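Just my_file_23.pdb here, PDB, C-alpha atoms, pLDDT in the B column:
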```pdb
ATOM      1  CA  MET A   1       1.457 -27.484   3.700  1.00 47.00           C
ATOM      2  CA  ASN A   2       0.071 -24.353   2.061  1.00 60.00           C
ATOM      3  CA  THR A   3      -3.650 -23.809   1.593  1.00 73.00           C
ATOM      4  CA  PRO A   4      -4.581 -23.669  -2.117  1.00 81.00           C
ATOM      5  CA  HIS A   5      -5.424 -20.132  -3.216  1.00 79.00           C
ATOM      6  CA  GLN A   6      -8.223 -19.145  -5.539  1.00 88.00           C
ATOM      7  CA  LEU A   7      -6.652 -16.755  -8.060  1.00 92.00           C
ATOM      8  CA  THR A   8      -9.065 -14.010  -9.097  1.00 95.00           C
ATOM      9  CA  ILE A   9      -8.492 -11.023 -11.368  1.00 96.00           C
ATOM     10  CA  GLY A  10      -8.367  -7.836  -9.315  1.00 97.00           C
ATOM     11  CA  ASP A  11      -7.328  -9.508  -6.079  1.00 97.00           C
ATOM     12  CA  ALA A  12      -4.461  -8.047  -4.072  1.00 96.00           C
ATOM     13  CA  VAL A  13      -1.562 -10.253  -3.039  1.00 96.00           C
ATOM     14  CA  LEU A  14       1.604  -9.926  -1.006  1.00 94.00           C
ATOM     15  CA  TYR A  15       4.846 -11.067  -2.573  1.00 92.00           C
ATOM     16  CA  PRO A  16       6.948 -11.566   0.584  1.00 89.00           C
ATOM     17  CA  ARG A  17      10.139 -12.343  -1.334  1.00 89.00           C
ATOM     18  CA  GLU A  18      10.349  -8.607  -2.175  1.00 86.00           C
ATOM     19  CA  GLN A  19       8.040  -7.291   0.559  1.00 87.00           C
ATOM     20  CA  ALA A  20       5.829  -6.005  -2.235  1.00 90.00           C
ATOM     21  CA  VAL A  21       2.117  -5.680  -2.898  1.00 93.00           C
ATOM     22  CA  GLY A  22       0.654  -6.696  -6.243  1.00 94.00           C
ATOM     23  CA  LEU A  23      -2.513  -7.266  -8.242  1.00 96.00           C
ATOM     24  CA  ILE A  24      -3.614 -10.312 -10.158  1.00 96.00           C
ATOM     25  CA  TYR A  25      -4.330  -8.940 -13.630  1.00 96.00           C
ATOM     26  CA  GLU A  26      -4.920 -12.198 -15.473  1.00 96.00           C
ATOM     27  CA  VAL A  27      -5.904 -15.750 -14.653  1.00 96.00           C
ATOM     28  CA  TYR A  28      -5.096 -18.342 -17.289  1.00 93.00           C
ATOM     29  CA  GLU A  29      -6.053 -21.938 -17.866  1.00 91.00           C
ATOM     30  CA  ARG A  30      -3.428 -24.631 -17.761  1.00 89.00           C
ATOM     31  CA  GLY A  31      -3.806 -28.284 -18.683  1.00 88.00           C
ATOM     32  CA  PRO A  32      -6.804 -30.544 -18.047  1.00 92.00           C
ATOM     33  CA  GLY A  33      -7.269 -31.201 -14.338  1.00 90.00           C
ATOM     34  CA  GLU A  34      -4.836 -28.438 -13.354  1.00 91.00           C
ATOM     35  CA  ARG A  35      -5.774 -25.352 -11.367  1.00 92.00           C
ATOM     36  CA  PRO A  36      -5.478 -22.012 -13.225  1.00 94.00           C
ATOM     37  CA  GLY A  37      -2.370 -19.855 -12.942  1.00 94.00           C
ATOM     38  CA  GLY A  38      -2.211 -16.104 -12.486  1.00 95.00           C
ATOM     39  CA  GLN A  39      -0.165 -13.106 -13.533  1.00 95.00           C
ATOM     40  CA  VAL A  40       0.820 -10.390 -11.059  1.00 95.00           C
ATOM     41  CA  LEU A  41       1.721  -6.724 -11.434  1.00 94.00           C
ATOM     42  CA  LEU A  42       3.513  -5.076  -8.506  1.00 91.00           C
ATOM     43  CA  CYS A  43       2.269  -1.768  -7.099  1.00 85.00           C
ATOM     44  CA  ARG A  44       5.825  -0.467  -6.811  1.00 82.00           C
ATOM     45  CA  GLY A  45       6.900   0.592 -10.282  1.00 82.00           C
ATOM     46  CA  GLY A  46       4.340  -1.532 -12.123  1.00 84.00           C
ATOM     47  CA  ARG A  47       6.783  -4.399 -12.516  1.00 86.00           C
ATOM     48  CA  ASP A  48       5.219  -7.453 -14.102  1.00 86.00           C
ATOM     49  CA  LEU A  49       6.093 -10.611 -12.172  1.00 86.00           C
ATOM     50  CA  SER A  50       4.639 -12.609 -15.044  1.00 81.00           C
ATOM     51  CA  GLY A  51       2.938 -15.921 -14.399  1.00 90.00           C
ATOM     52  CA  PHE A  52       2.627 -18.134 -11.369  1.00 93.00           C
ATOM     53  CA  SER A  53       1.278 -21.629 -11.653  1.00 93.00           C
ATOM     54  CA  ALA A  54      -1.346 -22.371  -9.002  1.00 93.00           C
ATOM     55  CA  GLU A  55       1.259 -24.301  -7.040  1.00 93.00           C
ATOM     56  CA  GLU A  56       3.761 -21.420  -7.237  1.00 94.00           C
ATOM     57  CA  ALA A  57       1.058 -18.968  -6.173  1.00 94.00           C
ATOM     58  CA  ASP A  58       0.300 -21.159  -3.157  1.00 94.00           C
ATOM     59  CA  GLN A  59       3.977 -21.093  -2.245  1.00 93.00           C
ATOM     60  CA  PHE A  60       5.014 -17.506  -3.063  1.00 94.00           C
ATOM     61  CA  LEU A  61       1.909 -15.282  -2.837  1.00 94.00           C
ATOM     62  CA  GLN A  62      -0.258 -14.359   0.129  1.00 93.00           C
ATOM     63  CA  PRO A  63      -3.826 -13.387  -0.826  1.00 95.00           C
ATOM     64  CA  LEU A  64      -5.183 -10.155   0.650  1.00 95.00           C
ATOM     65  CA  GLY A  65      -8.620  -9.864  -0.941  1.00 95.00           C
ATOM     66  CA  PRO A  66     -10.522  -8.114  -3.714  1.00 97.00           C
ATOM     67  CA  THR A  67      -9.737  -4.557  -4.781  1.00 97.00           C
ATOM     68  CA  GLY A  68     -12.784  -4.005  -6.983  1.00 96.00           C
ATOM     69  CA  LEU A  69     -10.689  -3.980 -10.147  1.00 96.00           C
ATOM     70  CA  ALA A  70     -12.416  -5.418 -13.201  1.00 95.00           C
ATOM     71  CA  TYR A  71      -9.679  -5.821 -15.798  1.00 95.00           C
ATOM     72  CA  GLU A  72      -9.473  -7.578 -19.125  1.00 95.00           C
ATOM     73  CA  PHE A  73      -5.870  -8.262 -20.078  1.00 95.00           C
ATOM     74  CA  THR A  74      -5.252  -8.052 -23.825  1.00 94.00           C
ATOM     75  CA  HIS A  75      -1.467  -7.668 -24.151  1.00 94.00           C
ATOM     76  CA  VAL A  76       1.523  -6.307 -22.237  1.00 92.00           C
ATOM     77  CA  GLY A  77       1.554  -3.026 -24.177  1.00 94.00           C
ATOM     78  CA  GLN A  78      -2.003  -2.297 -23.062  1.00 96.00           C
ATOM     79  CA  LEU A  79      -1.185  -3.299 -19.472  1.00 95.00           C
ATOM     80  CA  HIS A  80       1.807  -0.935 -19.503  1.00 93.00           C
ATOM     81  CA  ALA A  81      -0.317   1.909 -20.919  1.00 95.00           C
ATOM     82  CA  ASP A  82      -3.108   1.276 -18.392  1.00 95.00           C
ATOM     83  CA  TYR A  83      -0.595   1.359 -15.547  1.00 94.00           C
ATOM     84  CA  TYR A  84       0.916   4.691 -16.643  1.00 93.00           C
ATOM     85  CA  ARG A  85      -2.505   6.251 -17.330  1.00 95.00           C
ATOM     86  CA  GLY A  86      -3.516   5.443 -13.755  1.00 94.00           C
ATOM     87  CA  ARG A  87      -6.187   2.880 -14.725  1.00 95.00           C
ATOM     88  CA  LEU A  88      -4.953   0.612 -11.905  1.00 95.00           C
ATOM     89  CA  ALA A  89      -4.222   3.339  -9.327  1.00 95.00           C
ATOM     90  CA  GLN A  90      -7.377   2.873  -7.234  1.00 96.00           C
ATOM     91  CA  ALA A  91      -6.890  -0.894  -7.120  1.00 96.00           C
ATOM     92  CA  PHE A  92      -3.257  -0.420  -6.056  1.00 94.00           C
ATOM     93  CA  ALA A  93      -4.347   1.983  -3.294  1.00 93.00           C
ATOM     94  CA  THR A  94      -6.861  -0.589  -2.065  1.00 95.00           C
ATOM     95  CA  ALA A  95      -4.204  -3.325  -2.261  1.00 94.00           C
ATOM     96  CA  ARG A  96      -1.801  -1.266  -0.124  1.00 91.00           C
ATOM     97  CA  LEU A  97      -4.597  -0.614   2.376  1.00 91.00           C
ATOM     98  CA  LEU A  98      -5.391  -4.334   2.592  1.00 93.00           C
ATOM     99  CA  ALA A  99      -1.678  -5.072   3.056  1.00 91.00           C
ATOM    100  CA  GLY A 100      -1.482  -2.383   5.732  1.00 86.00           C
ATOM    101  CA  PHE A 101      -3.872  -4.380   7.890  1.00 80.00           C
ATOM    102  CA  ARG A 102      -1.124  -7.044   8.027  1.00 78.00           C
ATOM    103  CA  ASP A 103       1.821  -4.662   8.381  1.00 74.00           C
ATOM    104  CA  ILE A 104       1.568  -0.863   8.430  1.00 71.00           C
ATOM    105  CA  ARG A 105       4.780  -0.527   6.372  1.00 73.00           C
ATOM    106  CA  TYR A 106       2.824  -1.700   3.306  1.00 70.00           C
ATOM    107  CA  LEU A 107       0.747   1.503   3.355  1.00 68.00           C
ATOM    108  CA  GLN A 108       3.701   3.378   1.895  1.00 65.00           C
ATOM    109  CA  ALA A 109       3.525   3.927  -1.868  1.00 53.00           C
ATOM    110  CA  ARG A 110       6.510   1.788  -2.797  1.00 49.00           C
TER     111      ARG A 110
END
```

Can the structure in the file be given as C-alpha cells, please?
Amino acid sequence: MNTPHQLTIGDAVLYPREQAVGLIYEVYERGPGERPGGQVLLCRGGRDLSGFSAEEADQFLQPLGPTGLAYEFTHVGQLHADYYRGRLAQAFATARLLAGFRDIRYLQAR
C-alpha cells in the first residue's frame, strides 16, 4: 500500500512512468471528504501532465520535496508563458537536484 502524499504547490515530484521530474503547480479541491488533487508540469519540455487525484498521485508520483517556488496558477496560457519566460527555471533546477539525490541521471536537463 502506498503512503498518502501531501500535494503542495512548488514541490518536486518524480514521474517514474516517463523517468521525468516535475513540479506541482496547482492543488485543487475535490469533493467533500476527499483529499485535494494536484497538477504537474514536467521539467523536460514543460509538458503539462494535467491533474492527478490524490489517489493517482499516491500511485504514480514520488515526492521529492519543496523547491521554493511560490506560484499562483491562473490559466494554462499564463503557465505556458511563465515556463517560456523562465519563471519556473530555478524551481526546475532545484527539482532536478533533488531527483539527483535518488539517481544521478536526473541531474541532466531533460

Handout entry: Residue neighbourhood A:Gly51, 12 Å, only C-alpha atoms, exclusion window fewer than 4 positions, as number ranges by chain
Key = A: 7, 23-30, 36-41, 55-57, 60-61

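Protein and nucleic acid residues near (-0.5, -1.0, -7.6) are Val21, Gly22, Leu23, Leu41, Leu42, Cys43, Arg44, Gly46, Leu88, Ala89, Gln90, Ala91, Phe92, Ala93, Ala95 and Arg96 of chain A, the criterion being any atom at most 8 Å away using all atoms listed in the file.
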
Preceding selection exported with C-alpha atoms as an mmCIF file, keeping the file's coordinate frame:
```cif
data_model
loop_
_atom_site.group_PDB
_atom_site.id
_atom_site.type_symbol
_atom_site.label_atom_id
_atom_site.label_comp_id
_atom_site.auth_asym_id
_atom_site.auth_seq_id
_atom_site.Cartn_x
_atom_site.Cartn_y
_atom_site.Cartn_z
ATOM 1 C CA VAL A 21 2.117 -5.680 -2.898
ATOM 2 C CA GLY A 22 0.654 -6.696 -6.243
ATOM 3 C CA LEU A 23 -2.513 -7.266 -8.242
ATOM 4 C CA LEU A 41 1.721 -6.724 -11.434
ATOM 5 C CA LEU A 42 3.513 -5.076 -8.506
ATOM 6 C CA CYS A 43 2.269 -1.768 -7.099
ATOM 7 C CA ARG A 44 5.825 -0.467 -6.811
ATOM 8 C CA GLY A 46 4.340 -1.532 -12.123
ATOM 9 C CA LEU A 88 -4.953 0.612 -11.905
ATOM 10 C CA ALA A 89 -4.222 3.339 -9.327
ATOM 11 C CA GLN A 90 -7.377 2.873 -7.234
ATOM 12 C CA ALA A 91 -6.890 -0.894 -7.120
ATOM 13 C CA PHE A 92 -3.257 -0.420 -6.056
ATOM 14 C CA ALA A 93 -4.347 1.983 -3.294
ATOM 15 C CA ALA A 95 -4.204 -3.325 -2.261
ATOM 16 C CA ARG A 96 -1.801 -1.266 -0.124
#
```

Step by step, work through what the PyMOL selection byres ((chain A and resi 68) around 10) selects in the shown file, and finish by giving those residues as a compact mmCIF listing (two decimals) with C-alpha atoms, in the frame of the given file.
```txt
# COMPACT_ATOMS: atom_id res chain seq x y z
CA ILE A 9 -8.49 -11.02 -11.37
CA GLY A 10 -8.37 -7.84 -9.32
CA ASP A 11 -7.33 -9.51 -6.08
CA ALA A 12 -4.46 -8.05 -4.07
CA GLY A 65 -8.62 -9.86 -0.94
CA PRO A 66 -10.52 -8.11 -3.71
CA THR A 67 -9.74 -4.56 -4.78
CA LEU A 69 -10.69 -3.98 -10.15
CA ALA A 70 -12.42 -5.42 -13.20
CA TYR A 71 -9.68 -5.82 -15.80
CA GLN A 90 -7.38 2.87 -7.23
CA ALA A 91 -6.89 -0.89 -7.12
CA THR A 94 -6.86 -0.59 -2.06
CA ALA A 95 -4.20 -3.32 -2.26
```

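Our summary of the geometry notes that atom CA of A:Gln62 is positioned 10.9 Å from atom CA of A:Gln19.
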
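For the atom pair formed by atom CA of A:Gln78 and atom CA of A:Ala54, the distance is 24.5 Å, given to one decimal.
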
As AutoDock Vina command-line options: centre and edge lengths in Å, one decimal, of the axis-aligned box holding stretch 92-106 of chain A with 8 Å per side:
```
--center_x -1.0 --center_y -2.5 --center_z 1.2 --size_x 27.6 --size_y 25.0 --size_z 30.5
```

Practice task
Write out as JSON, numbers by chain which residues come within 9 Å of A:Tyr106 when counting only C-alpha atoms, dropping same-chain ones fewer than 2 positions away.
Solution key: {"A": [19, 20, 21, 96, 97, 98, 99, 100, 101, 102, 103, 104, 108, 109, 110]}

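Atom pair atom CA of A:Thr74 / atom CA of A:Gly86: separated by 16.9 Å.
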
Practice task
Kindly resolve the PyMOL selection byres ((chain A and resi 4) around 6) on the present coordinates and return the residues as number ranges by chain.
Solution key: A: 3, 5, 58

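Nearest residue to A:Val76, choosing from A:Leu14, A:Glu34, A:Asp48, A:Arg105 and counting all atoms listed in the file: A:Asp48.
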
For stretch 2-25 of chain A, which lacks atoms in the input, supply N, CA and C atoms and format the output as a JSON list (two decimals), in the frame of the given file.
```json
[["chain", "number", "residue", "atom", "x", "y", "z"],
["A", 2, "ASN", "N", 0.78, -25.59, 2.36],
["A", 2, "ASN", "CA", 0.07, -24.35, 2.06],
["A", 2, "ASN", "C", -1.37, -24.63, 1.65],
["A", 3, "THR", "N", -2.26, -23.72, 2.01],
["A", 3, "THR", "CA", -3.65, -23.81, 1.59],
["A", 3, "THR", "C", -3.75, -23.35, 0.14],
["A", 4, "PRO", "N", -4.43, -24.11, -0.73],
["A", 4, "PRO", "CA", -4.58, -23.67, -2.12],
["A", 4, "PRO", "C", -5.33, -22.33, -2.20],
["A", 5, "HIS", "N", -4.81, -21.44, -3.02],
["A", 5, "HIS", "CA", -5.42, -20.13, -3.22],
["A", 5, "HIS", "C", -6.30, -20.14, -4.45],
["A", 6, "GLN", "N", -7.38, -19.40, -4.37],
["A", 6, "GLN", "CA", -8.22, -19.14, -5.54],
["A", 6, "GLN", "C", -7.71, -17.86, -6.17],
["A", 7, "LEU", "N", -7.18, -17.94, -7.38],
["A", 7, "LEU", "CA", -6.65, -16.76, -8.06],
["A", 7, "LEU", "C", -7.79, -16.06, -8.80],
["A", 8, "THR", "N", -7.97, -14.77, -8.52],
["A", 8, "THR", "CA", -9.06, -14.01, -9.10],
["A", 8, "THR", "C", -8.54, -12.67, -9.60],
["A", 9, "ILE", "N", -8.90, -12.31, -10.81],
["A", 9, "ILE", "CA", -8.49, -11.02, -11.37],
["A", 9, "ILE", "C", -8.96, -9.90, -10.44],
["A", 10, "GLY", "N", -8.05, -8.98, -10.17],
["A", 10, "GLY", "CA", -8.37, -7.84, -9.32],
["A", 10, "GLY", "C", -8.04, -8.05, -7.85],
["A", 11, "ASP", "N", -7.67, -9.26, -7.47],
["A", 11, "ASP", "CA", -7.33, -9.51, -6.08],
["A", 11, "ASP", "C", -5.93, -9.00, -5.77],
["A", 12, "ALA", "N", -5.76, -8.49, -4.56],
["A", 12, "ALA", "CA", -4.46, -8.05, -4.07],
["A", 12, "ALA", "C", -3.73, -9.23, -3.46],
["A", 13, "VAL", "N", -2.41, -9.22, -3.62],
["A", 13, "VAL", "CA", -1.56, -10.25, -3.04],
["A", 13, "VAL", "C", -0.30, -9.61, -2.47],
["A", 14, "LEU", "N", 0.27, -10.27, -1.49],
["A", 14, "LEU", "CA", 1.60, -9.93, -1.01],
["A", 14, "LEU", "C", 2.60, -10.85, -1.69],
["A", 15, "TYR", "N", 3.74, -10.28, -2.05],
["A", 15, "TYR", "CA", 4.85, -11.07, -2.57],
["A", 15, "TYR", "C", 5.99, -10.90, -1.57],
["A", 16, "PRO", "N", 6.01, -11.74, -0.52],
["A", 16, "PRO", "CA", 6.95, -11.57, 0.58],
["A", 16, "PRO", "C", 8.42, -11.58, 0.17],
["A", 17, "ARG", "N", 8.74, -12.27, -0.89],
["A", 17, "ARG", "CA", 10.14, -12.34, -1.33],
["A", 17, "ARG", "C", 10.72, -10.94, -1.53],
["A", 18, "GLU", "N", 9.90, -9.99, -1.97],
["A", 18, "GLU", "CA", 10.35, -8.61, -2.17],
["A", 18, "GLU", "C", 9.62, -7.62, -1.27],
["A", 19, "GLN", "N", 8.87, -8.13, -0.32],
["A", 19, "GLN", "CA", 8.04, -7.29, 0.56],
["A", 19, "GLN", "C", 7.24, -6.31, -0.28],
["A", 20, "ALA", "N", 6.57, -6.83, -1.28],
["A", 20, "ALA", "CA", 5.83, -6.00, -2.24],
["A", 20, "ALA", "C", 4.37, -6.43, -2.30],
["A", 21, "VAL", "N", 3.55, -5.47, -2.71],
["A", 21, "VAL", "CA", 2.12, -5.68, -2.90],
["A", 21, "VAL", "C", 1.85, -5.71, -4.40],
["A", 22, "GLY", "N", 0.96, -6.60, -4.83],
["A", 22, "GLY", "CA", 0.65, -6.70, -6.24],
["A", 22, "GLY", "C", -0.81, -6.97, -6.50],
["A", 23, "LEU", "N", -1.15, -6.97, -7.79],
["A", 23, "LEU", "CA", -2.51, -7.27, -8.24],
["A", 23, "LEU", "C", -2.48, -8.42, -9.24],
["A", 24, "ILE", "N", -3.44, -9.28, -9.13],
["A", 24, "ILE", "CA", -3.61, -10.31, -10.16],
["A", 24, "ILE", "C", -4.36, -9.65, -11.32],
["A", 25, "TYR", "N", -3.72, -9.60, -12.48],
["A", 25, "TYR", "CA", -4.33, -8.94, -13.63],
["A", 25, "TYR", "C", -4.81, -9.92, -14.68]]
```
